[in-house]
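Below: one structure, written as C-alpha cells.
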Amino acid sequence: MLGIDVSKDTLSVSLLDPLTRKLKWEEVYPNTKAGVIKLLKRTSCDTTWVLEPTGRYGLSVARQAQDAQRQVLLAPPRKAKAFLSSIQSRAKTDRLDSYGLALYALSVPLRPYPIKSAVVDQVDQLLAARRGISQAMASLGQQRAELPYAADVLLPALHALRAQQKAIDAEIAALTSQNEEFSMAAALDAVPGIGPVTAAAVASALRSKEFSHPDAFVAYIGLDVRVRDSGRRRGQRALTKQGDAELRRLLYLAARASLISKANPFGAQYKRELAKGLAPTAALNAIARKLARMCWSIARHGTTFDPDRVYQQPGKSKNLYPPS
C-alpha cells in the first residue's frame, strides 16, 4: 500500500507491506509529470495508491496513476485527519502523513479516487468560481448594511459581481444543455425549487461519484443526522455537515425556494416538521434531504418529477422517490 501526501511541489510517499503493515521504504518525488513517472517505475503494477483529495495537485497524480493501470483510493479528509491524529501524538510531517494514509487504507475500506471527465471538470470549476462570487456578494451586501456612508461606493462592485454571476450561469447552462453527461440536469431542473445551477451541481456530483444508494448521496452532502446516544442519555441530533458544503447550501436554498413556488409539493412536510417541534431551519434541512433523495432517484431511474409520487409508500411503485 502506497500512501501519498500531496503538496503543491512534492509527493511524500511511504510504501507499507499489506500483510505485516511494516514500512518498506519512504521517499520524496517532485509533484510533476516526470516525478509521477519516476514513482510509477519505482512501484509495481499491483501496488495500490491512496491519497487525499487536494484539488488539482492530487487530481493530476491520480489521473496519471489510473492511466498507468494503478488502483487509486480516496482518503476522506476529515476521517483521515482524525485517524492521523490518533497515531501522531508528538509530530506532524509530510512523511508521517504519507505513512498514516497507507496505514489508514489498510485499516478501512476506501472507494476509488473519482476522475472527472473534461466537461464535468469544466462545470465544477465554473461552479467553484460562482461560489466565490456569491461569497463576495454576500460580504459586500453585509458591508453596505453596516457602512451606510460607503453604501454608494460599494454598489458598482456589487452590480459588476451580479453581472459576472449571470455570465457564469449562462455558460453553465450552455455546457449542461449540450453535453450528454448532463442529460439528467433538465429533469432535475423541473423539480420545484431547483434551478439550472443547482441542477448542474447535483448532476455533476451524481455523475462523477456514482452513489449506489440515496443515503450515500445524503451523507456526501452532509445532510445526514448525527446520533450520539449512550445508555439512558439521548444526545442532541444535528447534521454531520461533512462533504460538499456548497451543494448542501444549494439544496437548502432549493428547499426554501420550493415552499414559495406555485407547486409547493413540500408544504405539507414543512408543516409536519414544525409540528414535531423542529425549528424552521431544521425543517428546511429535512426538505433538502428529501430533495437530495429525489434527485438521486430521478438520476438513477431516468424518471421525471411527479408530484403525485413524492410521498408514495414503498411497494406501490417501482421507481419511488425515497422517503426522507
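Chain labels run A, B, ... following the order of the C-alpha cells; each chain numbers its residues from 1, and ligands are numbered from 1 in the order shown.
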TODO: Taking the DSSP assignment computed from this structure's backbone, write out as an NGL selection string all residues of range 225-315 of chain A that belong to helix (DSSP H, G or I).
DONE: :A and (245-259 or 267-275 or 280-301 or 307-309)
- [ ] Pick out the residues sitting within 10 Å of Val36 in chain A, and hand them over as a ChimeraX atom specification; count only C-alpha atoms, and ignore anything fewer than 2 positions along from it in its own chain.
- [x] /A:11,29-34,38-42,60-62,64-65
Would you save the residues from that selection as a PDB file, in the first residue's frame, using C-alpha atoms?
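Writing done, so here's part_3.pdb:
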ATOM      1  CA  LEU A  11       4.895  13.987  -3.212  1.00  0.00           C
ATOM      2  CA  TYR A  29       9.269  12.980  -5.508  1.00  0.00           C
ATOM      3  CA  PRO A  30       8.515  16.252  -7.303  1.00  0.00           C
ATOM      4  CA  ASN A  31       4.827  16.805  -7.976  1.00  0.00           C
ATOM      5  CA  THR A  32       5.313  16.910 -11.726  1.00  0.00           C
ATOM      6  CA  LYS A  33       4.506  14.606 -14.596  1.00  0.00           C
ATOM      7  CA  ALA A  34       8.125  13.422 -14.650  1.00  0.00           C
ATOM      8  CA  LYS A  38       9.580   8.003 -11.634  1.00  0.00           C
ATOM      9  CA  LEU A  39       7.194   6.889  -8.886  1.00  0.00           C
ATOM     10  CA  LEU A  40       5.378   4.584 -11.303  1.00  0.00           C
ATOM     11  CA  LYS A  41       8.684   2.956 -12.233  1.00  0.00           C
ATOM     12  CA  ARG A  42       9.606   2.618  -8.562  1.00  0.00           C
ATOM     13  CA  SER A  60      -3.253  15.112 -11.811  1.00  0.00           C
ATOM     14  CA  VAL A  61      -1.409  12.457  -9.782  1.00  0.00           C
ATOM     15  CA  ALA A  62      -4.482  10.224  -9.551  1.00  0.00           C
ATOM     16  CA  GLN A  64      -1.697   9.751 -14.276  1.00  0.00           C
ATOM     17  CA  ALA A  65      -1.668   6.722 -11.971  1.00  0.00           C
TER      18      ALA A  65
END
TODO: Select, from A:Leu251, A:Ala292, A:Leu23, A:Met184, the residue with the minimum atom-to-atom distance to Val218 in chain A, counting only C-alpha atoms.
DONE: A:Ala292
Task: Pick from A:Pro18, A:Gly277, A:Pro192, A:Gly3, whichever lies nearest to Ala80 in chain A using only C-alpha atoms - done: A:Gly3
So that each row is one residue of range 176-224 of chain A with an atom at most 12 Å from range 103-115 of chain A, can you give its shortest atom pair and the distance in Å to one decimal, using only C-alpha atoms, rows by chain and rising number, as CSV?
residue,atom,partner,partner_atom,distance
A:Ser204,CA,A:Pro114,CA,11.8
A:Ala205,CA,A:Pro114,CA,10.3
A:Leu206,CA,A:Pro114,CA,11.4
A:Arg207,CA,A:Pro114,CA,10.1
A:Ser208,CA,A:Pro114,CA,6.4
A:Lys209,CA,A:Pro114,CA,6.4
A:Glu210,CA,A:Pro114,CA,9.2
A:Phe211,CA,A:Arg111,CA,10.8
A:Ser212,CA,A:Arg111,CA,11.8
Emit the selected residues as a JSON list (two decimals), in the first residue's frame, including N, CA and C atoms.
[["chain", "number", "residue", "atom", "x", "y", "z"],
["A", 204, "SER", "N", -23.49, 16.93, -11.60],
["A", 204, "SER", "CA", -22.05, 16.71, -11.60],
["A", 204, "SER", "C", -21.64, 15.75, -10.50],
["A", 205, "ALA", "N", -22.20, 15.94, -9.29],
["A", 205, "ALA", "CA", -21.86, 15.06, -8.18],
["A", 205, "ALA", "C", -22.34, 13.64, -8.42],
["A", 206, "LEU", "N", -23.58, 13.50, -8.91],
["A", 206, "LEU", "CA", -24.13, 12.17, -9.15],
["A", 206, "LEU", "C", -23.40, 11.47, -10.29],
["A", 207, "ARG", "N", -22.96, 12.24, -11.27],
["A", 207, "ARG", "CA", -22.27, 11.66, -12.42],
["A", 207, "ARG", "C", -20.86, 11.19, -12.04],
["A", 208, "SER", "N", -20.13, 11.99, -11.30],
["A", 208, "SER", "CA", -18.74, 11.68, -11.01],
["A", 208, "SER", "C", -18.56, 10.70, -9.86],
["A", 209, "LYS", "N", -19.50, 10.72, -8.89],
["A", 209, "LYS", "CA", -19.35, 9.86, -7.71],
["A", 209, "LYS", "C", -20.07, 8.53, -7.83],
["A", 210, "GLU", "N", -21.15, 8.46, -8.60],
["A", 210, "GLU", "CA", -21.91, 7.23, -8.82],
["A", 210, "GLU", "C", -22.32, 6.57, -7.50],
["A", 211, "PHE", "N", -23.13, 7.27, -6.72],
["A", 211, "PHE", "CA", -23.59, 6.75, -5.44],
["A", 211, "PHE", "C", -24.54, 5.57, -5.67],
["A", 212, "SER", "N", -24.32, 4.50, -4.93],
["A", 212, "SER", "CA", -25.14, 3.30, -5.10],
["A", 212, "SER", "C", -26.44, 3.36, -4.33]]
- [ ] Enumerate the residues of range 9-236 of chain A with a DSSP assignment of strand (DSSP E or B), computed from the backbone, and present them as a PyMOL selection string.
- [x] chain A and resi 10-16+23-30+49-51+72-74+112+225-226+229-230+233-234
Go ahead and dump the residues you just picked, C-alpha atoms, as a PDB file, in the first residue's frame.
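Resulting contents of again16.pdb:
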ATOM      1  CA  THR A  10       6.291  17.467  -3.721  1.00  0.00           C
ATOM      2  CA  LEU A  11       4.895  13.987  -3.212  1.00  0.00           C
ATOM      3  CA  SER A  12       5.921  12.405   0.081  1.00  0.00           C
ATOM      4  CA  VAL A  13       5.356   8.648  -0.292  1.00  0.00           C
ATOM      5  CA  SER A  14       5.536   5.644   2.041  1.00  0.00           C
ATOM      6  CA  LEU A  15       5.197   2.010   0.978  1.00  0.00           C
ATOM      7  CA  LEU A  16       3.781  -0.437   3.536  1.00  0.00           C
ATOM      8  CA  LEU A  23       7.305   0.286   6.333  1.00  0.00           C
ATOM      9  CA  LYS A  24       9.295  -0.911   3.322  1.00  0.00           C
ATOM     10  CA  TRP A  25      10.585   2.481   2.130  1.00  0.00           C
ATOM     11  CA  GLU A  26       9.764   6.163   2.032  1.00  0.00           C
ATOM     12  CA  GLU A  27      10.850   8.778  -0.498  1.00  0.00           C
ATOM     13  CA  VAL A  28      10.028  12.245  -1.845  1.00  0.00           C
ATOM     14  CA  TYR A  29       9.269  12.980  -5.508  1.00  0.00           C
ATOM     15  CA  PRO A  30       8.515  16.252  -7.303  1.00  0.00           C
ATOM     16  CA  TRP A  49      -2.097   4.135  -4.156  1.00  0.00           C
ATOM     17  CA  VAL A  50      -4.026   6.188  -1.597  1.00  0.00           C
ATOM     18  CA  LEU A  51      -4.199   9.962  -1.305  1.00  0.00           C
ATOM     19  CA  VAL A  72      -6.007   4.672  -6.660  1.00  0.00           C
ATOM     20  CA  LEU A  73      -8.081   5.071  -3.484  1.00  0.00           C
ATOM     21  CA  LEU A  74      -9.573   8.220  -1.972  1.00  0.00           C
ATOM     22  CA  PRO A 112     -11.741   4.540  -5.772  1.00  0.00           C
ATOM     23  CA  VAL A 225     -28.209  13.317  11.035  1.00  0.00           C
ATOM     24  CA  ARG A 226     -25.552  12.549  13.637  1.00  0.00           C
ATOM     25  CA  ASP A 229     -26.662   8.134  22.423  1.00  0.00           C
ATOM     26  CA  SER A 230     -25.130   6.367  25.392  1.00  0.00           C
ATOM     27  CA  ARG A 233     -28.650   9.521  27.614  1.00  0.00           C
ATOM     28  CA  ARG A 234     -30.137  10.646  24.332  1.00  0.00           C
TER      29      ARG A 234
END
Open item on the list: Show me, as a PyMOL selection string, the residues that have an atom within 8 Å of range 262-272 of chain A when counting only C-alpha atoms, minus same-chain residues fewer than 5 positions from it.
Closed with: chain A and resi 192+283-284+287+307+310
Writer output for current selection, C-alpha atoms, as a PDB file, in the first residue's frame:
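After the write, again-v9.pdb holds the following:
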ATOM      1  CA  PRO A 192     -39.803  22.829  -7.808  1.00  0.00           C
ATOM      2  CA  ALA A 283     -37.479  21.670   8.857  1.00  0.00           C
ATOM      3  CA  LEU A 284     -35.906  23.108   5.695  1.00  0.00           C
ATOM      4  CA  ILE A 287     -36.879  19.045   2.889  1.00  0.00           C
ATOM      5  CA  PRO A 307     -45.727  15.500  -7.520  1.00  0.00           C
ATOM      6  CA  VAL A 310     -43.477  12.386  -3.789  1.00  0.00           C
TER       7      VAL A 310
END
Would you pick out the contacts of Gln142 in chain A at 12 Å or less, using only C-alpha atoms, so that residues sharing its chain but fewer than 4 positions from it are not included, and give the list as a compact mmCIF listing (two decimals) with N, CA and C atoms, in the first residue's frame?
# COMPACT_ATOMS: atom_id res chain seq x y z
N GLN A 135 -20.00 34.44 -2.46
CA GLN A 135 -19.49 34.81 -1.15
C GLN A 135 -19.07 36.28 -1.11
N ALA A 136 -18.47 36.75 -2.20
CA ALA A 136 -18.08 38.16 -2.27
C ALA A 136 -19.31 39.07 -2.27
N MET A 137 -20.36 38.66 -2.98
CA MET A 137 -21.59 39.45 -3.00
C MET A 137 -22.23 39.51 -1.61
N ALA A 138 -22.23 38.39 -0.91
CA ALA A 138 -22.80 38.38 0.44
C ALA A 138 -22.01 39.28 1.37
N GLU A 146 -23.83 47.66 7.00
CA GLU A 146 -23.12 48.10 8.20
C GLU A 146 -22.41 49.44 8.00
N LEU A 147 -22.15 49.79 6.73
CA LEU A 147 -21.42 51.03 6.44
C LEU A 147 -22.26 51.91 5.53
N PRO A 148 -23.27 52.58 6.06
CA PRO A 148 -24.20 53.34 5.20
C PRO A 148 -23.52 54.45 4.40
N ALA A 150 -20.67 54.28 3.03
CA ALA A 150 -19.92 53.68 1.93
C ALA A 150 -20.82 52.84 1.02
N ALA A 151 -22.13 52.86 1.27
CA ALA A 151 -23.04 52.01 0.51
C ALA A 151 -23.01 52.34 -0.98
N LEU A 154 -19.84 51.01 -2.72
CA LEU A 154 -19.80 49.55 -2.91
C LEU A 154 -20.78 49.05 -3.95
N LEU A 155 -21.78 49.86 -4.27
CA LEU A 155 -22.85 49.41 -5.17
C LEU A 155 -22.33 49.02 -6.55
N LEU A 158 -20.88 45.59 -6.50
CA LEU A 158 -21.92 44.59 -6.33
C LEU A 158 -22.63 44.32 -7.65
Open item on the list: So, with only C-alpha atoms as the atoms that count, which of A:Asp306, A:Asp9, A:Asp152, A:Asp169 lies closest to Ile133 in chain A?
Closed with: A:Asp169
Task: A:Leu96, A:Cys295, A:Ala286, A:Leu175 ranked by distance to Asp224 in chain A, top pick (using only C-alpha atoms) - done: A:Ala286
Task: Closest of A:Tyr57, A:Phe83, A:Trp296, A:Tyr99 to Ile4 in chain A - atom-to-atom distances counting only C-alpha atoms - done: A:Tyr99
Open item on the list: Which residues are near Asp244 in chain A? Cut-off 10 Å, only C-alpha atoms, ignore same chain within fewer than 3 positions. Put them as a list in words.
Closed with: Ala205, Ala219, Tyr220, Ile221, Gly222, Leu223, Lys241, Leu247, Arg248 and Arg249 of chain A
Take the selection from the previous step and output its residues with C-alpha atoms, as a PDB file, in the first residue's frame.
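What landed in again-v5.pdb:
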ATOM      1  CA  ALA A 205     -21.858  15.057  -8.180  1.00  0.00           C
ATOM      2  CA  ALA A 219     -24.136  11.599   3.609  1.00  0.00           C
ATOM      3  CA  TYR A 220     -21.827  13.040   0.939  1.00  0.00           C
ATOM      4  CA  ILE A 221     -23.681  16.347   1.140  1.00  0.00           C
ATOM      5  CA  GLY A 222     -23.634  16.291   4.948  1.00  0.00           C
ATOM      6  CA  LEU A 223     -27.417  16.349   5.320  1.00  0.00           C
ATOM      7  CA  LYS A 241     -22.147  18.772   7.795  1.00  0.00           C
ATOM      8  CA  LEU A 247     -24.044  21.514  -2.618  1.00  0.00           C
ATOM      9  CA  ARG A 248     -25.589  21.370   0.849  1.00  0.00           C
ATOM     10  CA  ARG A 249     -26.138  25.145   0.711  1.00  0.00           C
TER      11      ARG A 249
END
Task: Distance query Thr304 in chain A at most 10 Å, only C-alpha atoms, self and fewer than 3 positions along chain excluded, as JSON, numbers by chain - done: {"A": [184, 186, 187, 188, 189, 190, 191, 294, 295, 297, 298, 299, 301, 307]}
